[in-house]
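K.L.:
Next comes data.cif, mmCIF, N, CA and C atoms:
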data_work
#
loop_
_atom_site.label_atom_id
_atom_site.label_comp_id
_atom_site.auth_asym_id
_atom_site.auth_seq_id
_atom_site.Cartn_x
_atom_site.Cartn_y
_atom_site.Cartn_z
N MET A 1 79.97 177.16 98.54
CA MET A 1 81.03 176.94 99.49
C MET A 1 82.19 177.90 99.22
N ARG A 2 82.56 178.02 97.93
CA ARG A 2 83.64 178.92 97.57
C ARG A 2 83.31 180.35 97.98
N LEU A 3 82.09 180.76 97.85
CA LEU A 3 81.65 182.09 98.23
C LEU A 3 81.77 182.29 99.74
N THR A 4 81.48 181.28 100.52
CA THR A 4 81.59 181.36 101.96
C THR A 4 83.03 181.51 102.39
N ILE A 5 83.93 180.75 101.76
CA ILE A 5 85.35 180.83 102.10
C ILE A 5 85.90 182.21 101.74
N VAL A 6 85.55 182.75 100.58
CA VAL A 6 86.02 184.07 100.17
C VAL A 6 85.48 185.12 101.14
N ALA A 7 84.21 185.01 101.55
CA ALA A 7 83.62 185.97 102.46
C ALA A 7 84.28 185.91 103.83
N LEU A 8 84.55 184.70 104.34
CA LEU A 8 85.21 184.56 105.63
C LEU A 8 86.65 185.08 105.58
N THR A 9 87.34 184.84 104.46
CA THR A 9 88.71 185.33 104.30
C THR A 9 88.72 186.85 104.30
N ALA A 10 87.77 187.45 103.59
CA ALA A 10 87.69 188.91 103.55
C ALA A 10 87.40 189.46 104.95
N LEU A 11 86.49 188.84 105.68
CA LEU A 11 86.19 189.29 107.05
C LEU A 11 87.40 189.14 107.96
N ALA A 12 88.14 188.06 107.79
CA ALA A 12 89.34 187.85 108.61
C ALA A 12 90.38 188.92 108.32
N LEU A 13 90.56 189.28 107.05
CA LEU A 13 91.53 190.32 106.69
C LEU A 13 91.11 191.67 107.27
N VAL A 14 89.83 191.98 107.18
CA VAL A 14 89.34 193.24 107.73
C VAL A 14 89.54 193.25 109.25
N ALA A 15 89.25 192.15 109.91
CA ALA A 15 89.41 192.06 111.36
C ALA A 15 90.87 192.22 111.76
N CYS A 16 91.77 191.61 111.00
CA CYS A 16 93.20 191.75 111.29
C CYS A 16 93.67 193.19 111.13
N ASN A 17 93.23 193.86 110.09
CA ASN A 17 93.62 195.26 109.87
C ASN A 17 93.12 196.14 111.01
N LYS A 18 91.90 195.90 111.48
CA LYS A 18 91.37 196.71 112.58
C LYS A 18 92.12 196.41 113.86
N ALA A 19 92.53 195.18 114.08
CA ALA A 19 93.25 194.82 115.29
C ALA A 19 94.65 195.44 115.28
N GLU A 20 95.27 195.57 114.12
CA GLU A 20 96.62 196.12 114.03
C GLU A 20 96.62 197.64 114.13
N ALA A 21 95.54 198.31 113.79
CA ALA A 21 95.52 199.77 113.80
C ALA A 21 95.87 200.34 115.16
N PRO A 22 95.27 199.83 116.27
CA PRO A 22 95.67 200.38 117.56
C PRO A 22 97.13 200.10 117.87
N ALA A 23 97.65 198.96 117.45
CA ALA A 23 99.06 198.66 117.68
C ALA A 23 99.93 199.67 116.95
N ASP A 24 99.57 200.03 115.71
CA ASP A 24 100.34 201.04 114.97
C ASP A 24 100.28 202.38 115.68
N THR A 25 99.10 202.73 116.21
CA THR A 25 98.94 203.99 116.93
C THR A 25 99.83 203.99 118.16
N ASN A 26 99.87 202.85 118.87
CA ASN A 26 100.70 202.77 120.06
C ASN A 26 102.18 202.93 119.71
N VAL A 27 102.59 202.33 118.59
CA VAL A 27 103.98 202.47 118.16
C VAL A 27 104.26 203.92 117.83
N ALA A 28 103.32 204.58 117.15
CA ALA A 28 103.50 206.00 116.82
C ALA A 28 103.55 206.83 118.09
N ASP A 29 102.65 206.52 119.05
CA ASP A 29 102.66 207.25 120.32
C ASP A 29 103.97 207.02 121.07
N THR A 30 104.45 205.77 121.05
CA THR A 30 105.72 205.46 121.72
C THR A 30 106.86 206.20 121.06
N ASN A 31 106.88 206.23 119.72
CA ASN A 31 107.93 206.96 119.01
C ASN A 31 107.86 208.45 119.31
N ALA A 32 106.65 209.02 119.34
CA ALA A 32 106.49 210.44 119.64
C ALA A 32 106.96 210.74 121.05
N THR A 33 106.62 209.85 121.99
CA THR A 33 107.06 210.04 123.38
C THR A 33 108.58 209.95 123.47
N ALA A 34 109.17 208.99 122.76
CA ALA A 34 110.63 208.85 122.76
C ALA A 34 111.28 210.09 122.16
N ASP A 35 110.72 210.62 121.06
CA ASP A 35 111.27 211.84 120.45
C ASP A 35 111.16 213.01 121.41
N ALA A 36 110.03 213.14 122.09
CA ALA A 36 109.84 214.24 123.04
C ALA A 36 110.82 214.11 124.21
N ASN A 37 111.01 212.88 124.70
CA ASN A 37 111.95 212.67 125.79
C ASN A 37 113.38 212.99 125.36
N ALA A 38 113.74 212.63 124.13
CA ALA A 38 115.08 212.94 123.61
C ALA A 38 115.25 214.45 123.49
N ALA A 39 114.21 215.15 123.04
CA ALA A 39 114.30 216.61 122.92
C ALA A 39 114.45 217.23 124.30
N ASP A 40 113.71 216.71 125.30
CA ASP A 40 113.85 217.22 126.66
C ASP A 40 115.25 216.97 127.19
N ALA A 41 115.81 215.80 126.92
CA ALA A 41 117.16 215.49 127.38
C ALA A 41 118.17 216.42 126.74
N ASN A 42 118.00 216.72 125.45
CA ASN A 42 118.91 217.65 124.78
C ASN A 42 118.79 219.04 125.36
N ALA A 43 117.57 219.46 125.69
CA ALA A 43 117.38 220.79 126.26
C ALA A 43 118.06 220.88 127.61
N VAL A 44 118.00 219.83 128.39
CA VAL A 44 118.64 219.83 129.71
C VAL A 44 120.15 219.79 129.55
N ALA A 45 120.65 219.05 128.56
CA ALA A 45 122.09 218.90 128.39
C ALA A 45 122.74 220.15 127.82
N THR A 46 121.98 221.01 127.16
CA THR A 46 122.53 222.22 126.57
C THR A 46 122.72 223.27 127.65
N PRO A 47 123.95 223.77 127.83
CA PRO A 47 124.17 224.77 128.87
C PRO A 47 123.46 226.07 128.52
N ALA A 48 123.08 226.80 129.55
CA ALA A 48 122.42 228.09 129.35
C ALA A 48 123.38 229.07 128.69
N ALA A 49 122.82 229.93 127.87
CA ALA A 49 123.63 230.94 127.20
C ALA A 49 124.22 231.89 128.23
N PHE A 50 125.35 232.47 127.90
CA PHE A 50 126.01 233.44 128.77
C PHE A 50 125.09 234.64 128.96
N GLN A 51 124.93 235.07 130.19
CA GLN A 51 124.08 236.21 130.50
C GLN A 51 124.93 237.46 130.66
N LEU A 52 124.66 238.46 129.87
CA LEU A 52 125.40 239.71 129.89
C LEU A 52 124.81 240.70 130.89
N ASN A 53 123.50 240.62 131.11
CA ASN A 53 122.84 241.57 132.01
C ASN A 53 123.39 241.45 133.43
N GLU A 54 123.48 242.60 134.09
CA GLU A 54 124.00 242.71 135.44
C GLU A 54 125.43 242.18 135.55
N THR A 55 126.26 242.58 134.58
CA THR A 55 127.69 242.27 134.63
C THR A 55 128.48 243.57 134.48
N SER A 56 129.69 243.56 135.00
CA SER A 56 130.61 244.70 134.86
C SER A 56 131.96 244.18 134.40
N TRP A 57 132.67 245.02 133.64
CA TRP A 57 133.92 244.64 133.01
C TRP A 57 134.91 245.80 133.06
N THR A 58 136.18 245.47 133.09
CA THR A 58 137.22 246.48 132.95
C THR A 58 138.11 246.07 131.78
N TYR A 59 138.66 247.08 131.10
CA TYR A 59 139.57 246.83 129.99
C TYR A 59 140.28 248.13 129.64
N SER A 60 141.33 248.00 128.86
CA SER A 60 142.07 249.16 128.39
C SER A 60 141.84 249.29 126.89
N ARG A 61 141.45 250.51 126.46
CA ARG A 61 141.19 250.75 125.04
C ARG A 61 141.70 252.14 124.67
N LYS A 62 142.52 252.19 123.65
CA LYS A 62 143.10 253.45 123.18
C LYS A 62 143.83 254.18 124.30
N GLY A 63 144.53 253.41 125.14
CA GLY A 63 145.33 253.99 126.22
C GLY A 63 144.54 254.41 127.44
N LYS A 64 143.26 254.15 127.48
CA LYS A 64 142.42 254.54 128.63
C LYS A 64 141.88 253.30 129.32
N GLU A 65 141.86 253.36 130.65
CA GLU A 65 141.23 252.30 131.44
C GLU A 65 139.73 252.53 131.44
N MET A 66 138.98 251.52 131.07
CA MET A 66 137.52 251.63 130.94
C MET A 66 136.83 250.70 131.93
N GLN A 67 135.66 251.14 132.38
CA GLN A 67 134.77 250.26 133.13
C GLN A 67 133.42 250.31 132.44
N GLU A 68 132.87 249.12 132.22
CA GLU A 68 131.58 248.99 131.53
C GLU A 68 130.65 248.16 132.39
N SER A 69 129.40 248.58 132.47
CA SER A 69 128.38 247.80 133.19
C SER A 69 127.13 247.70 132.33
N VAL A 70 126.52 246.52 132.38
CA VAL A 70 125.26 246.26 131.68
C VAL A 70 124.21 246.00 132.76
N ASP A 71 123.15 246.81 132.78
CA ASP A 71 122.13 246.65 133.82
C ASP A 71 121.16 245.51 133.49
N ALA A 72 120.20 245.30 134.36
CA ALA A 72 119.24 244.19 134.21
C ALA A 72 118.40 244.31 132.96
N SER A 73 118.21 245.52 132.44
CA SER A 73 117.40 245.73 131.24
C SER A 73 118.21 245.68 129.95
N GLY A 74 119.52 245.49 130.04
CA GLY A 74 120.34 245.42 128.84
C GLY A 74 120.88 246.76 128.39
N ASN A 75 120.87 247.75 129.26
CA ASN A 75 121.46 249.06 128.94
C ASN A 75 122.88 249.08 129.47
N TYR A 76 123.83 249.58 128.66
CA TYR A 76 125.21 249.62 129.11
C TYR A 76 125.69 251.06 129.22
N ILE A 77 126.67 251.24 130.09
CA ILE A 77 127.36 252.51 130.26
C ILE A 77 128.85 252.20 130.33
N VAL A 78 129.66 253.02 129.66
CA VAL A 78 131.11 252.90 129.72
C VAL A 78 131.66 254.22 130.25
N ASN A 79 132.46 254.12 131.30
CA ASN A 79 133.13 255.29 131.88
C ASN A 79 134.62 255.04 131.91
N SER A 80 135.39 256.11 131.84
CA SER A 80 136.84 256.07 132.04
C SER A 80 137.11 257.05 133.17
N GLY A 81 137.32 256.50 134.38
CA GLY A 81 137.42 257.36 135.55
C GLY A 81 136.09 258.07 135.75
N SER A 82 136.13 259.41 135.81
CA SER A 82 134.89 260.17 135.98
C SER A 82 134.31 260.61 134.63
N GLU A 83 134.97 260.27 133.54
CA GLU A 83 134.52 260.67 132.20
C GLU A 83 133.55 259.64 131.61
N HIS A 84 132.39 260.10 131.16
CA HIS A 84 131.43 259.24 130.47
C HIS A 84 131.91 259.03 129.04
N VAL A 85 132.05 257.78 128.61
CA VAL A 85 132.58 257.47 127.27
C VAL A 85 131.47 257.06 126.31
N ASP A 86 130.55 256.21 126.75
CA ASP A 86 129.53 255.69 125.84
C ASP A 86 128.38 255.10 126.65
N HIS A 87 127.24 254.95 125.99
CA HIS A 87 126.10 254.24 126.56
C HIS A 87 125.21 253.78 125.41
N GLY A 88 124.36 252.79 125.70
CA GLY A 88 123.45 252.27 124.68
C GLY A 88 122.83 250.97 125.17
N THR A 89 122.56 250.07 124.23
CA THR A 89 121.93 248.79 124.57
C THR A 89 122.85 247.63 124.23
N ALA A 90 122.71 246.55 124.99
CA ALA A 90 123.52 245.35 124.78
C ALA A 90 122.60 244.14 124.79
N VAL A 91 122.84 243.22 123.84
CA VAL A 91 122.08 241.97 123.78
C VAL A 91 123.03 240.84 123.41
N MET A 92 122.68 239.64 123.81
CA MET A 92 123.42 238.46 123.39
C MET A 92 122.78 237.92 122.13
N LYS A 93 123.60 237.63 121.14
CA LYS A 93 123.16 236.99 119.90
C LYS A 93 124.05 235.78 119.70
N GLY A 94 123.51 234.63 120.08
CA GLY A 94 124.32 233.41 120.04
C GLY A 94 125.42 233.53 121.07
N ASP A 95 126.68 233.40 120.62
CA ASP A 95 127.80 233.50 121.54
C ASP A 95 128.49 234.86 121.45
N LYS A 96 127.79 235.86 120.92
CA LYS A 96 128.36 237.20 120.80
C LYS A 96 127.56 238.21 121.60
N ALA A 97 128.30 239.16 122.21
CA ALA A 97 127.68 240.29 122.89
C ALA A 97 127.64 241.44 121.90
N CYS A 98 126.45 241.95 121.62
CA CYS A 98 126.29 243.00 120.62
C CYS A 98 125.83 244.29 121.28
N PHE A 99 126.57 245.37 120.99
CA PHE A 99 126.33 246.68 121.60
C PHE A 99 125.91 247.66 120.52
N THR A 100 124.90 248.45 120.81
CA THR A 100 124.46 249.51 119.92
C THR A 100 124.53 250.81 120.71
N SER A 101 125.45 251.67 120.29
CA SER A 101 125.68 252.94 120.99
C SER A 101 124.56 253.92 120.71
N ALA A 102 124.16 254.65 121.75
CA ALA A 102 123.20 255.75 121.58
C ALA A 102 123.94 257.03 121.22
N MET A 103 125.28 256.99 121.24
CA MET A 103 126.08 258.19 121.01
C MET A 103 126.69 258.25 119.60
N THR A 104 126.72 257.14 118.90
CA THR A 104 127.30 257.13 117.55
C THR A 104 126.29 256.56 116.57
N LYS A 105 126.61 256.66 115.31
CA LYS A 105 125.75 256.09 114.26
C LYS A 105 126.43 254.90 113.60
N GLU A 106 127.37 254.26 114.34
CA GLU A 106 128.12 253.14 113.80
C GLU A 106 127.32 251.86 113.72
N GLY A 107 126.19 251.79 114.39
CA GLY A 107 125.38 250.58 114.38
C GLY A 107 125.87 249.59 115.41
N GLU A 108 125.44 248.37 115.25
CA GLU A 108 125.73 247.31 116.20
C GLU A 108 127.18 246.85 116.10
N ASP A 109 127.82 246.64 117.24
CA ASP A 109 129.20 246.18 117.33
C ASP A 109 129.19 244.90 118.17
N CYS A 110 129.48 243.75 117.54
CA CYS A 110 129.38 242.45 118.22
C CYS A 110 130.76 241.91 118.56
N TRP A 111 130.89 241.34 119.76
CA TRP A 111 132.14 240.82 120.29
C TRP A 111 131.96 239.37 120.71
N THR A 112 133.00 238.55 120.51
CA THR A 112 132.97 237.16 120.96
C THR A 112 132.93 237.13 122.49
N THR A 113 132.30 236.12 123.03
CA THR A 113 132.22 235.96 124.49
C THR A 113 132.39 234.51 124.86
N LYS A 114 132.61 234.30 126.12
CA LYS A 114 132.55 232.97 126.73
C LYS A 114 132.24 233.21 128.20
N PRO A 115 131.63 232.25 128.86
CA PRO A 115 131.31 232.44 130.28
C PRO A 115 132.60 232.57 131.10
N VAL A 116 132.69 233.63 131.89
CA VAL A 116 133.81 233.81 132.81
C VAL A 116 133.25 234.25 134.16
N GLU A 117 133.94 233.87 135.19
CA GLU A 117 133.54 234.24 136.54
C GLU A 117 134.17 235.58 136.90
N ILE A 118 133.66 236.20 137.95
CA ILE A 118 134.22 237.46 138.45
C ILE A 118 135.69 237.23 138.77
N GLY A 119 136.53 238.14 138.27
CA GLY A 119 137.97 238.04 138.48
C GLY A 119 138.71 237.37 137.32
N GLN A 120 137.99 236.71 136.43
CA GLN A 120 138.61 236.05 135.29
C GLN A 120 138.65 236.99 134.09
N SER A 121 139.64 236.79 133.22
CA SER A 121 139.78 237.58 132.01
C SER A 121 139.56 236.72 130.79
N MET A 122 139.27 237.38 129.69
CA MET A 122 139.15 236.68 128.40
C MET A 122 139.54 237.65 127.30
N GLU A 123 139.95 237.08 126.20
CA GLU A 123 140.22 237.88 125.01
C GLU A 123 138.97 237.86 124.16
N THR A 124 138.56 239.03 123.71
CA THR A 124 137.35 239.15 122.90
C THR A 124 137.69 239.90 121.61
N THR A 125 137.04 239.51 120.53
CA THR A 125 137.29 240.12 119.23
C THR A 125 135.97 240.54 118.61
N ASN A 126 135.94 241.76 118.06
CA ASN A 126 134.71 242.21 117.41
C ASN A 126 134.70 241.81 115.94
N ASP A 127 133.59 242.09 115.29
CA ASP A 127 133.42 241.69 113.88
C ASP A 127 134.38 242.42 112.95
N LYS A 128 134.98 243.52 113.42
CA LYS A 128 135.94 244.28 112.61
C LYS A 128 137.37 243.82 112.84
N GLY A 129 137.57 242.86 113.76
CA GLY A 129 138.89 242.32 114.01
C GLY A 129 139.63 242.95 115.18
N GLU A 130 139.02 243.92 115.86
CA GLU A 130 139.66 244.53 117.03
C GLU A 130 139.61 243.55 118.19
N THR A 131 140.72 243.42 118.91
CA THR A 131 140.80 242.50 120.04
C THR A 131 141.04 243.27 121.33
N LEU A 132 140.35 242.87 122.38
CA LEU A 132 140.53 243.44 123.71
C LEU A 132 140.68 242.33 124.73
N ASN A 133 141.42 242.60 125.79
CA ASN A 133 141.47 241.70 126.93
C ASN A 133 140.59 242.32 128.00
N VAL A 134 139.50 241.65 128.36
CA VAL A 134 138.54 242.19 129.32
C VAL A 134 138.54 241.32 130.57
N THR A 135 138.27 241.96 131.71
CA THR A 135 138.20 241.26 132.99
C THR A 135 136.83 241.49 133.59
N ARG A 136 136.19 240.42 133.99
CA ARG A 136 134.89 240.55 134.65
C ARG A 136 135.12 240.94 136.10
N VAL A 137 134.39 241.94 136.55
CA VAL A 137 134.48 242.40 137.93
C VAL A 137 133.10 242.34 138.55
N ALA A 138 133.02 242.51 139.86
CA ALA A 138 131.72 242.49 140.55
C ALA A 138 130.81 243.54 139.93
N TYR A 139 129.55 243.20 139.77
CA TYR A 139 128.61 244.12 139.13
C TYR A 139 128.49 245.41 139.93
N THR A 140 128.69 246.51 139.22
CA THR A 140 128.57 247.84 139.79
C THR A 140 127.77 248.69 138.82
N PRO A 141 126.56 249.08 139.18
CA PRO A 141 125.79 249.96 138.29
C PRO A 141 126.54 251.29 138.11
N LEU A 142 126.61 251.76 136.87
CA LEU A 142 127.28 253.03 136.57
C LEU A 142 126.24 254.09 136.23
N THR A 143 126.64 255.34 136.37
CA THR A 143 125.77 256.44 135.98
C THR A 143 126.53 257.32 134.98
N MET A 144 125.78 258.09 134.23
CA MET A 144 126.38 258.99 133.24
C MET A 144 126.71 260.32 133.86
#
If you convert what's in this file into structure tokens, what do you get?

P.N.:
Amino acid sequence: MRLTIVALTALALVACNKAEAPADTNVADTNATADANAADANAVATPAAFQLNETSWTYSRKGKEMQESVDASGNYIVNSGSEHVDHGTAVMKGDKACFTSAMTKEGEDCWTTKPVEIGQSMETTNDKGETLNVTRVAYTPLTM
């Protein structure tokens, strides 16, 4: 009799463990789904990074009025009136606009940014501490 009770108890424990396994899986699936939904909500709530491509800017630097444009491929050109000043590539790195001149060997020059609309100005500072007041203007492709 004792052997029968021990055997039935063991079978009951095994049956309970098997019955709980799918419930644990469902809890894990529910948690994974909740985590995925939270990640999706965070992705939607995070604003898109500022886009530098196809933008144009005006500013004054070293006593000269400058106009700069970044094309759709991330290539920039800077002119002062009819004089070509600089050109190279531009990319966004986090909240900074980074420019690499094809005309100098100074390397990458990164500037603080924030989203601004056409006609709005902002103060921007590069990694070396230089500050400029720039104004976003309607996109105008420039040539060298």

K.L.:
Please indicate the distance in Å from atom N of Asn79 of chain A to atom N of Asp95 of chain A, rounded to one decimal place.

P.N.:
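Computing the Euclidean distance for atom N of Asn79 of chain A and atom N of Asp95 of chain A yields 24.0 Å.
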
K.L.:
If we count only C-alpha atoms, what is near Lys114 of chain A at a cut-off of 10 Å, once residues fewer than 5 positions away on the same chain are taken out, given as a PyMOL selection string?

P.N.:
chain A and resi 49-51+95-97+122-124

K.L.:
Rank A:Gly88, A:Gly129, A:Gly74, A:Gly94 by their smallest atom-to-atom distance to Thr55 of chain A, using only C-alpha atoms, and report the top residue only.

P.N.:
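Ranking A:Gly88, A:Gly129, A:Gly74, A:Gly94 by distance to Thr55 of chain A, first place goes to A:Gly74.
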
K.L.:
The PyMOL selection byres (((chain A and resi 68 and name CA) around 6) and name CA) on the file shown: which residues, as a list in words?

P.N.:
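Here the PyMOL selection byres (((chain A and resi 68 and name CA) around 6) and name CA) matches Ser56, Trp57, Gln67, Ser69, Ile77 and Val78 of chain A.
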
K.L.:
If I take atom C of Thr135 of chain A and atom C of Pro115 of chain A, how far is one from the other in Å, to one decimal?

P.N.:
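Straight-line distance from atom C of Thr135 of chain A to atom C of Pro115 of chain A works out to 10.2 Å.
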
K.L.:
Rounded to one decimal place, report the atom CA of Thr125 of chain A-atom CA of Ala102 of chain A distance in Å.

P.N.:
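These atoms are spaced 21.2 Å apart.
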
K.L.:
Calculated over only N, CA and C atoms, which of the candidates A:Ser121, A:Thr58, A:Thr104, A:Asn53 has the smallest distance to Met92 of chain A?

P.N.:
A:Asn53

K.L.:
With distances taken over only C-alpha atoms, which residue among A:Ala90, A:Leu132, A:Ala138, A:Met144 lies nearest Glu65 of chain A?

P.N.:
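Among the listed residues, the smallest separation from Glu65 of chain A belongs to A:Leu132.
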
K.L.:
Identify which of the residues A:Lys105, A:Arg136, A:Lys93, A:His84 lies closest to Gly119 of chain A, counting all atoms listed in the file when measuring atom-to-atom distances.

P.N.:
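Answer, going by the shortest atom-to-atom distance: A:Arg136.
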
K.L.:
Here's the selection I'm unsure about, the PyMOL selection byres (((chain A and resi 73 and name CA) around 10) and name CA); applied to the file above, which residues does it give, as a PyMOL selection string?

P.N.:
chain A and resi 53-54+70-72+74-76+89-91

K.L.:
Measuring between all atoms listed in the file, which one of A:Gln120, A:Ser80, A:Asn126, A:Ser101 shows the shortest distance to Met66 of chain A?

P.N.:
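For Met66 of chain A, the nearest of the given residues is A:Ser80.
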
K.L.:
Here is a test: counting only C-alpha atoms, which residue of A:Thr112, A:Ile118, A:Lys64, A:Leu142 is nearest to Glu130 of chain A?

P.N.:
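Checking each of A:Thr112, A:Ile118, A:Lys64, A:Leu142 against Glu130 of chain A, counting only C-alpha atoms, the winner is A:Thr112.
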